[in-house]
file upload_14.tsv (TSV, C-alpha atoms)
chain	number	residue	atom	x	y	z
I	1192	MET	CA	-139.74	-14.98	-127.17
I	1193	ALA	CA	-141.55	-14.90	-123.87
I	1194	ASP	CA	-144.98	-14.54	-125.41
I	1195	LEU	CA	-144.93	-17.25	-128.06
I	1196	LEU	CA	-148.21	-18.69	-126.80
I	1197	VAL	CA	-149.94	-15.42	-127.74
I	1198	HIS	CA	-148.17	-15.40	-131.11
I	1199	PHE	CA	-149.21	-19.01	-131.68
I	1200	GLY	CA	-152.81	-18.13	-130.79
I	1201	THR	CA	-152.90	-15.37	-133.41
I	1202	ALA	CA	-151.93	-17.94	-136.05
I	1203	TRP	CA	-153.98	-20.81	-134.68
I	1204	LEU	CA	-157.31	-18.97	-134.94
I	1205	PRO	CA	-157.09	-17.95	-138.63
I	1206	ALA	CA	-155.35	-21.22	-139.54
I	1207	ARG	CA	-158.52	-23.12	-138.68
I	1208	GLY	CA	-159.81	-21.94	-142.04
I	1209	LEU	CA	-157.03	-23.78	-143.85
I	1210	ARG	CA	-157.91	-27.29	-144.96
I	1211	ASP	CA	-154.39	-28.62	-145.30
I	1212	GLY	CA	-152.78	-29.58	-142.00
I	1213	ARG	CA	-149.32	-29.33	-143.56
I	1214	LEU	CA	-149.90	-25.70	-144.52
I	1215	ARG	CA	-151.06	-24.98	-140.98
I	1216	ALA	CA	-147.93	-26.64	-139.61
I	1217	ILE	CA	-145.74	-24.31	-141.71
I	1218	LEU	CA	-147.79	-21.27	-140.67
I	1219	TYR	CA	-147.21	-22.14	-137.01
I	1220	VAL	CA	-143.47	-22.39	-137.65
I	1221	GLY	CA	-143.66	-19.04	-139.47
I	1222	VAL	CA	-145.31	-17.27	-136.55
I	1223	CYS	CA	-142.51	-18.44	-134.22
I	1224	LEU	CA	-139.77	-17.82	-136.80
I	1225	PRO	CA	-138.82	-14.17	-136.02
I	1226	ASP	CA	-138.13	-14.93	-132.34
I	1227	LEU	CA	-136.39	-18.24	-133.08
I	1228	LEU	CA	-134.12	-16.54	-135.62
I	1229	TYR	CA	-133.47	-13.53	-133.39
I	1230	LYS	CA	-132.53	-15.59	-130.34
I	1231	GLY	CA	-130.63	-18.08	-132.45
I	1232	ILE	CA	-128.45	-15.43	-134.10
I	1233	LEU	CA	-128.09	-13.48	-130.85
I	1234	TYR	CA	-127.11	-16.31	-128.52
I	1235	LEU	CA	-125.75	-19.06	-130.78
I	1236	GLY	CA	-123.94	-16.56	-133.00
I	1237	ASN	CA	-123.04	-14.27	-130.10
I	1238	SER	CA	-123.98	-11.37	-132.36
I	1239	PRO	CA	-124.78	-7.72	-131.69
I	1240	THR	CA	-128.50	-7.03	-131.44
I	1241	TRP	CA	-128.62	-4.91	-134.58
I	1242	LEU	CA	-127.33	-7.85	-136.63
I	1243	CYS	CA	-130.47	-9.74	-135.57
I	1244	GLU	CA	-132.84	-6.86	-136.37
I	1245	PRO	CA	-133.66	-7.96	-139.98
I	1246	THR	CA	-135.51	-10.95	-138.47
I	1247	HIS	CA	-138.03	-8.48	-137.06
I	1248	SER	CA	-138.63	-6.41	-140.19
I	1249	PRO	CA	-141.10	-7.28	-142.97
I	1250	LEU	CA	-138.58	-7.16	-145.83
I	1251	GLY	CA	-135.68	-8.51	-143.81
I	1252	LEU	CA	-137.69	-11.62	-143.03
I	1253	LEU	CA	-138.17	-12.48	-146.72
I	1254	PRO	CA	-134.72	-14.02	-147.42
I	1255	PHE	CA	-135.03	-16.17	-144.28
I	1256	CYS	CA	-138.41	-17.45	-145.48
I	1257	TYR	CA	-137.01	-17.97	-148.99
I	1258	VAL	CA	-134.15	-20.11	-147.71
I	1259	GLY	CA	-136.60	-21.96	-145.48
I	1260	ALA	CA	-138.93	-22.59	-148.42
I	1261	LEU	CA	-136.05	-23.93	-150.52
I	1262	LEU	CA	-135.59	-26.72	-147.99
I	1263	PHE	CA	-139.01	-28.13	-148.96
I	1264	GLU	CA	-139.62	-30.36	-151.96
I	1265	GLU	CA	-140.17	-28.39	-155.17
I	1266	ALA	CA	-143.96	-28.72	-155.31
I	1267	TRP	CA	-144.30	-27.26	-151.84
I	1268	ARG	CA	-141.89	-24.33	-152.01
I	1269	LYS	CA	-144.27	-21.54	-153.07
I	1270	ARG	CA	-146.88	-22.51	-150.51
I	1271	ALA	CA	-144.23	-22.93	-147.82
I	1272	PHE	CA	-142.80	-19.48	-148.60
I	1273	ALA	CA	-146.25	-17.87	-148.46
I	1274	ALA	CA	-147.09	-19.62	-145.16
I	1275	LEU	CA	-143.75	-18.72	-143.56
I	1276	VAL	CA	-144.07	-15.06	-144.64
I	1277	ALA	CA	-147.70	-14.86	-143.48
I	1278	GLY	CA	-146.79	-16.32	-140.10
I	1279	GLY	CA	-143.74	-14.08	-139.74
I	1280	TRP	CA	-145.66	-10.92	-140.63
I	1281	LEU	CA	-148.41	-11.88	-138.20
I	1282	HIS	CA	-145.71	-12.06	-135.52
I	1283	LEU	CA	-144.47	-8.59	-136.45
I	1284	LEU	CA	-147.98	-7.13	-136.33
I	1285	LEU	CA	-148.41	-8.34	-132.74
I	1286	ASP	CA	-144.94	-7.13	-131.75
I	1287	GLY	CA	-145.77	-3.78	-133.36
I	1288	ALA	CA	-148.56	-3.31	-130.82
I	1289	LYS	CA	-146.10	-3.33	-127.90
I	1290	ASN	CA	-144.96	-0.30	-125.95
I	1291	PHE	CA	-141.22	0.30	-126.16
I	1292	MET	CA	-141.52	3.68	-124.42
I	1293	GLY	CA	-141.40	5.52	-127.72
I	1294	PHE	CA	-138.02	3.96	-128.48
I	1295	GLY	CA	-137.43	0.76	-130.35
I	1296	GLY	CA	-140.06	-1.36	-132.02
I	1297	ILE	CA	-140.25	-2.74	-135.52
I	1298	PRO	CA	-138.08	-1.25	-138.32
I	1299	TRP	CA	-140.96	-1.44	-140.78
I	1300	ALA	CA	-139.07	0.08	-143.75
I	1301	PHE	CA	-135.73	-1.71	-143.23
I	1302	PRO	CA	-133.38	-1.74	-145.23
I	1303	PHE	CA	-134.50	1.64	-146.58
I	1304	SER	CA	-134.84	3.23	-143.15
I	1305	MET	CA	-133.71	2.32	-139.65
I	1306	ARG	CA	-136.62	4.16	-138.02
I	1307	THR	CA	-138.65	2.00	-135.72
I	1308	ALA	CA	-142.27	2.35	-134.72
I	1309	ALA	CA	-144.73	0.59	-132.45
I	1310	LEU	CA	-148.33	1.27	-131.46
I	1311	GLY	CA	-147.56	1.17	-127.73
I	1312	TRP	CA	-150.73	-0.62	-126.66
I	1313	TYR	CA	-149.11	-2.82	-124.00
I	1314	ALA	CA	-145.74	-3.22	-122.29
I	1315	PRO	CA	-143.66	-6.27	-123.32
I	1316	GLU	CA	-143.62	-7.50	-119.72
I	1317	ASP	CA	-147.44	-7.37	-119.64
I	1318	SER	CA	-147.83	-9.95	-122.40
I	1319	VAL	CA	-148.09	-12.64	-119.72
I	1320	TRP	CA	-151.60	-11.34	-119.02
I	1321	LEU	CA	-152.56	-12.00	-122.65
I	1322	MET	CA	-151.85	-15.73	-122.26
I	1323	LEU	CA	-155.11	-16.55	-120.47
I	1324	PRO	CA	-157.38	-14.63	-122.88
I	1325	THR	CA	-155.54	-16.30	-125.76
I	1326	LEU	CA	-156.13	-19.76	-124.30
I	1327	ALA	CA	-159.77	-18.85	-123.63
I	1328	LEU	CA	-160.28	-17.70	-127.23
I	1329	MET	CA	-158.69	-20.88	-128.55
I	1330	GLY	CA	-160.93	-22.96	-126.29
I	1331	ILE	CA	-164.06	-21.07	-127.37
I	1332	ALA	CA	-163.18	-21.52	-131.05
I	1333	GLU	CA	-162.56	-25.24	-130.52
I	1334	ALA	CA	-165.79	-25.70	-128.56
I	1335	PHE	CA	-167.79	-23.74	-131.13
I	1336	SER	CA	-166.55	-25.86	-134.00
I	1337	ARG	CA	-167.33	-29.07	-132.09
I	1338	LEU	CA	-170.81	-27.90	-131.05
I	1339	SER	CA	-171.65	-26.73	-134.55
I	1340	GLY	CA	-170.91	-30.26	-135.76
I	1341	ARG	CA	-167.98	-29.23	-137.91
I	1342	ARG	CA	-165.12	-31.64	-137.91
I	1343	PRO	CA	-162.44	-29.97	-135.80
I	1344	ALA	CA	-159.28	-29.19	-137.69
I	1345	SER	CA	-156.31	-31.30	-136.71
I	1346	PRO	CA	-153.36	-29.31	-135.36
U	1446	MET	CA	-137.43	-18.78	-158.43
U	1447	PHE	CA	-138.55	-21.84	-156.46
U	1448	GLY	CA	-137.57	-24.51	-158.99
U	1449	ASN	CA	-134.77	-27.03	-158.76
U	1450	LYS	CA	-132.78	-25.38	-161.57
U	1451	GLY	CA	-129.70	-23.73	-160.06
U	1452	TYR	CA	-130.79	-24.85	-156.61
U	1453	GLY	CA	-127.37	-24.46	-155.02
U	1454	TRP	CA	-126.97	-20.94	-156.38
U	1455	LYS	CA	-130.41	-19.93	-155.12
U	1456	LEU	CA	-129.66	-21.28	-151.68
U	1457	ALA	CA	-126.27	-19.56	-151.62
U	1458	ALA	CA	-127.84	-16.29	-152.81
U	1459	GLY	CA	-130.43	-16.52	-150.05
U	1460	PHE	CA	-127.77	-17.00	-147.39
U	1461	ALA	CA	-125.68	-14.20	-148.92
U	1462	VAL	CA	-128.61	-11.75	-148.76
U	1463	ILE	CA	-129.26	-12.75	-145.14
U	1464	ALA	CA	-125.61	-12.12	-144.25
U	1465	LEU	CA	-125.49	-8.81	-146.12
U	1466	LEU	CA	-128.69	-7.56	-144.48
U	1467	GLY	CA	-127.29	-8.50	-141.08
U	1468	VAL	CA	-124.01	-6.67	-141.66
U	1469	TYR	CA	-125.84	-3.67	-143.13
U	1470	ALA	CA	-128.22	-3.49	-140.14
U	1471	SER	CA	-125.29	-3.87	-137.76
U	1472	ASN	CA	-123.39	-0.99	-139.38
U	1473	ARG	CA	-126.40	1.33	-139.73
U	1474	GLY	CA	-127.66	0.57	-136.24
U	1475	ASP	CA	-124.29	0.93	-134.54
U	1476	GLY	CA	-124.98	4.51	-133.48
U	1477	ILE	CA	-128.57	3.87	-132.41
U	1478	ASN	CA	-129.21	3.14	-128.75
U	1479	PRO	CA	-125.60	2.23	-127.84
U	1480	ALA	CA	-124.88	0.23	-124.70
U	1481	VAL	CA	-124.31	2.28	-121.54
U	1482	TRP	CA	-120.72	1.03	-121.17
U	1483	ARG	CA	-119.91	2.40	-124.64
U	1484	CYS	CA	-121.28	5.82	-123.68
U	1485	LEU	CA	-119.25	5.81	-120.46
U	1486	ALA	CA	-116.11	4.75	-122.34
U	1487	GLU	CA	-116.45	7.58	-124.88
U	1488	PRO	CA	-118.63	10.27	-123.24
U	1489	ALA	CA	-117.81	13.02	-125.76
U	1490	ARG	CA	-118.78	10.84	-128.72
U	1491	TRP	CA	-122.18	9.92	-127.35
U	1492	ASN	CA	-123.09	13.27	-125.75
U	1493	GLY	CA	-126.73	14.08	-126.54
U	1494	THR	CA	-127.61	10.54	-127.65
U	1495	THR	CA	-130.98	9.19	-126.56
U	1496	LEU	CA	-130.76	5.84	-124.79
U	1497	TRP	CA	-133.40	3.29	-123.96
U	1498	ILE	CA	-132.43	0.95	-121.13
U	1499	PRO	CA	-135.01	-1.85	-121.25
U	1500	SER	CA	-134.11	-3.31	-117.87
U	1501	SER	CA	-132.00	-2.02	-114.99
U	1502	ARG	CA	-131.94	-1.99	-111.19
U	1503	VAL	CA	-132.11	1.09	-108.99
U	1504	VAL	CA	-128.99	1.08	-106.80
U	1505	SER	CA	-129.50	4.27	-104.79
U	1506	THR	CA	-131.73	7.33	-104.76
U	1507	ARG	CA	-131.18	10.95	-103.79
U	1508	ASP	CA	-133.13	14.17	-104.28
U	1509	GLY	CA	-133.84	14.50	-107.99
U	1510	GLU	CA	-131.45	11.78	-109.05
U	1511	TYR	CA	-130.75	8.09	-108.73
U	1512	GLU	CA	-128.22	5.52	-109.81
U	1513	ILE	CA	-129.06	2.48	-111.90
U	1514	GLU	CA	-127.13	-0.65	-112.80
U	1515	THR	CA	-127.53	-2.38	-116.13
U	1516	ALA	CA	-125.32	-5.13	-117.54
U	1517	GLU	CA	-122.82	-4.63	-114.70
U	1518	THR	CA	-122.51	-0.91	-115.53
U	1519	ARG	CA	-123.70	1.90	-113.27
U	1520	ILE	CA	-124.86	5.34	-114.35
U	1521	ARG	CA	-126.32	8.35	-112.55
U	1522	VAL	CA	-129.76	9.43	-113.74
U	1523	THR	CA	-131.29	12.86	-113.14
U	1524	GLY	CA	-135.04	12.85	-112.58
U	1525	THR	CA	-137.58	11.52	-110.14
U	1526	PRO	CA	-136.73	7.94	-109.13
U	1527	PRO	CA	-139.42	5.62	-110.54
U	1528	GLY	CA	-138.89	3.17	-107.70
U	1529	ALA	CA	-137.08	2.45	-104.45
U	1530	PRO	CA	-133.54	1.01	-104.39
U	1531	GLY	CA	-133.60	-2.60	-105.54
U	1532	SER	CA	-136.57	-2.19	-107.88
U	1533	ARG	CA	-136.27	-3.00	-111.58
U	1534	VAL	CA	-136.90	-0.08	-113.90
U	1535	THR	CA	-136.81	0.80	-117.59
U	1536	VAL	CA	-135.54	4.24	-118.55
U	1537	VAL	CA	-135.42	6.42	-121.66
U	1538	GLY	CA	-133.05	9.37	-121.36
U	1539	VAL	CA	-130.49	11.61	-122.99
U	1540	PHE	CA	-126.83	10.86	-122.26
U	1541	ARG	CA	-124.78	13.83	-121.08
U	1542	ALA	CA	-120.99	13.70	-121.17
U	1543	GLU	CA	-120.61	15.97	-118.14
U	1544	GLY	CA	-121.00	13.79	-115.12
U	1545	PRO	CA	-121.47	11.54	-117.06
U	1546	ARG	CA	-125.20	11.14	-116.47
U	1547	LEU	CA	-128.49	10.34	-118.06
U	1548	GLU	CA	-131.29	12.90	-118.22
U	1549	ALA	CA	-134.42	10.81	-117.76
U	1550	ARG	CA	-137.23	11.50	-120.21
U	1551	ARG	CA	-139.46	8.55	-119.32
U	1552	ALA	CA	-139.09	5.83	-116.71
U	1553	ARG	CA	-141.28	3.17	-115.19
U	1554	THR	CA	-140.92	0.23	-112.85
U	1555	LEU	CA	-140.94	-3.34	-114.11
U	1556	PRO	CA	-142.60	-6.31	-112.38
U	1557	SER	CA	-140.21	-7.45	-109.67
U	1558	GLY	CA	-141.04	-11.16	-109.64
U	1559	ARG	CA	-138.87	-13.36	-111.80
U	1560	GLY	CA	-141.36	-16.20	-111.41
U	1561	ILE	CA	-143.77	-14.80	-113.99
U	1562	ARG	CA	-140.95	-14.31	-116.46
U	1563	TRP	CA	-139.83	-17.90	-115.99
U	1564	VAL	CA	-143.38	-19.17	-116.50
U	1565	MET	CA	-143.58	-17.21	-119.75
U	1566	GLU	CA	-140.25	-18.56	-120.96
U	1567	ILE	CA	-141.15	-22.16	-120.12
U	1568	VAL	CA	-144.57	-21.86	-121.78
U	1569	SER	CA	-142.88	-20.40	-124.87
U	1570	ILE	CA	-140.37	-23.26	-125.05
U	1571	VAL	CA	-143.24	-25.76	-124.75
U	1572	VAL	CA	-145.05	-23.94	-127.60
U	1573	VAL	CA	-141.95	-24.11	-129.82
U	1574	LEU	CA	-141.49	-27.81	-129.09
U	1575	GLY	CA	-145.16	-28.44	-129.87
U	1576	VAL	CA	-144.97	-26.48	-133.13
U	1577	LEU	CA	-141.83	-28.36	-134.20
U	1578	ALA	CA	-143.36	-31.72	-133.23
U	1579	ASN	CA	-146.48	-30.91	-135.26
U	1580	PHE	CA	-144.29	-29.88	-138.21
U	1581	ALA	CA	-142.28	-33.11	-137.94
U	1582	ARG	CA	-145.51	-35.12	-137.83
U	1583	HIS	CA	-146.47	-33.71	-141.22
U	1584	PHE	CA	-143.11	-33.48	-142.97
U	1585	LEU	CA	-140.62	-35.85	-141.41
U	1586	PHE	CA	-139.62	-38.59	-143.82
U	1587	ARG	CA	-140.51	-41.89	-142.18
U	1588	PRO	CA	-139.53	-44.84	-144.38
U	1589	GLN	CA	-140.84	-47.31	-141.78
U	1590	LEU	CA	-144.31	-45.75	-141.99
U	1591	LEU	CA	-144.23	-45.91	-145.80
U	1592	GLN	CA	-143.20	-49.53	-145.55
U	1593	ALA	CA	-146.04	-50.30	-143.14
U	1594	ARG	CA	-148.58	-48.59	-145.39
U	1595	GLY	CA	-147.23	-50.50	-148.35
U	1596	GLU	CA	-147.70	-53.78	-146.51
U	1597	GLU	CA	-151.35	-52.93	-145.78
U	1598	ARG	CA	-152.28	-52.93	-149.47
call {"tool": "encode", "arguments": {"input": "upload_14.tsv", "output": "structure tokens"}}
result
Amino acid sequence: MADLLVHFGTAWLPARGLRDGRLRAILYVGVCLPDLLYKGILYLGNSPTWLCEPTHSPLGLLPFCYVGALLFEEAWRKRAFAALVAGGWLHLLLDGAKNFMGFGGIPWAFPFSMRTAALGWYAPEDSVWLMLPTLALMGIAEAFSRLSGRRPASP
Amino acid sequence: MFGNKGYGWKLAAGFAVIALLGVYASNRGDGINPAVWRCLAEPARWNGTTLWIPSSRVVSTRDGEYEIETAETRIRVTGTPPGAPGSRVTVVGVFRAEGPRLEARRARTLPSGRGIRWVMEIVSIVVVLGVLANFARHFLFRPQLLQARGEER
């Protein structure tokens, strides 16, 4: 949860290629979704941590995105589902780069296996140092699109 | 799959799958990385289990061992102390029933300042609020806006 700015940045940059602002809005929700669901179930539901684990697995995230997509009007459901899943999986990819000291991480094959794996590139507490590079990248992308005369994408 | 036909059933099925996956994960994960207090309550059951303690505080240090406190539970750890008493550490180790104690495999200190953590949390909350506001801007049903647009024609 503590590094949502970095997660948002990973969705914001590729989302600039999407023409539809509504699709981008859903993608942004999708990239925050795993942490929102995890913390929501953990604290609001007062649940054990393992009960929340499906929110941080690629297959476990699908039913959440499906229910989320069903809340849209019929014409939008498929696109909403795809955007939520894409955002959620993007979140998992970034989390999968963290270092959990060889223990913990993302249960990539859940529900078929409970084994977790992570690349171990950076410690979770170090993600604060990724905030500034993320903001810089977002600023560079914004400036580039303005200088090149392209109409900047609305949020 | 995404149509309106049988909408209620689809929604119910989605929620049912979510609940089942949660219960399944909870049952399967019960024996993985148990809380320290559970290990101390039933040392024989958890003997030899590998534990990862994401955050704890060093209470005291001695030669080749130290004591940590996590979630109001203290446990003795054998190994070189990663930090002085009072420092925050994360430890991976094997729980041993005799003692009971933890045999440290890996340990490292965590940043001591809570300020950075708070900044990260606040920034994250602002990001969530911004994302939700942007979503609402695109999808919130605003009859007054529709009415105003209708009047423009």
call {"tool": "interface_residues", "arguments": {"input": "upload_14.tsv", "of": "chain I", "to": "chain U", "cutoff": "6 Å", "atoms": "all atoms listed in the file", "output": "PyMOL selection string"}}
result
chain I and resi 1193+1195-1196+1213+1216+1241-1242+1254+1258
call {"tool": "residues_around", "arguments": {"input": "upload_14.tsv", "residues": "stretch 1479-1482 of chain U", "least_positions_apart": "3", "cutoff": "8 Å", "atoms": "all atoms listed in the file", "output": "NGL selection string"}}
result
:U and (1475-1476 or 1485-1486 or 1496 or 1515 or 1518 or 1520)
call {"tool": "residues_around", "arguments": {"input": "upload_14.tsv", "residues": "I:Gly1221", "least_positions_apart": "6", "cutoff": "7 Å", "atoms": "only C-alpha atoms", "output": "JSON, numbers by chain"}}
result
{"I": [1274, 1275, 1276, 1278, 1279]}
call {"tool": "atom_distance", "arguments": {"input": "upload_14.tsv", "atom1": "atom CA of I:Thr1201", "atom2": "atom CA of I:Thr1307"}}
result
22.6 Å
call {"tool": "atom_distance", "arguments": {"input": "upload_14.tsv", "atom1": "atom CA of U:Ala1549", "atom2": "atom CA of U:Thr1506"}}
result
13.7 Å
call {"tool": "atom_distance", "arguments": {"input": "upload_14.tsv", "atom1": "atom CA of I:Leu1250", "atom2": "atom CA of I:Gly1208"}}
result
26.1 Å
call {"tool": "residues_around", "arguments": {"input": "upload_14.tsv", "residues": "I:Ser1238", "least_positions_apart": "5", "cutoff": "10 Å", "atoms": "all atoms listed in the file", "output": "list of chain:residue names"}}
result
I:Tyr1229, I:Lys1230, I:Gly1231, I:Ile1232, I:Leu1233, I:Cys1243, U:Gly1467, U:Ser1471
call {"tool": "closest_residue", "arguments": {"input": "upload_14.tsv", "among": "U:Ser1500, U:Tyr1511, U:Arg1521, U:Arg1546", "to": "U:Arg1533", "atoms": "all atoms listed in the file"}}
result
U:Ser1500
call {"tool": "residues_around", "arguments": {"input": "upload_14.tsv", "residues": "U:Phe1540", "least_positions_apart": "4", "cutoff": "6 Å", "atoms": "all atoms listed in the file", "output": "ChimeraX atom specification"}}
result
/U:1492-1494,1547
call {"tool": "write_last_selection", "arguments": {"input": "upload_14.tsv", "atoms": "C-alpha atoms", "output": "PDB file, keeping the file's coordinate frame"}}
result
ATOM      1  CA  ASN U1492    -123.090  13.270-125.750  1.00  0.00           C
ATOM      2  CA  GLY U1493    -126.730  14.080-126.540  1.00  0.00           C
ATOM      3  CA  THR U1494    -127.610  10.540-127.650  1.00  0.00           C
ATOM      4  CA  LEU U1547    -128.490  10.340-118.060  1.00  0.00           C
TER       5      LEU U1547
END
call {"tool": "residues_around", "arguments": {"input": "upload_14.tsv", "residues": "I:His1247", "least_positions_apart": "4", "cutoff": "7 Å", "atoms": "only C-alpha atoms", "output": "VMD selection string"}}
result
chain I and resid 1225 1252 1283 1297
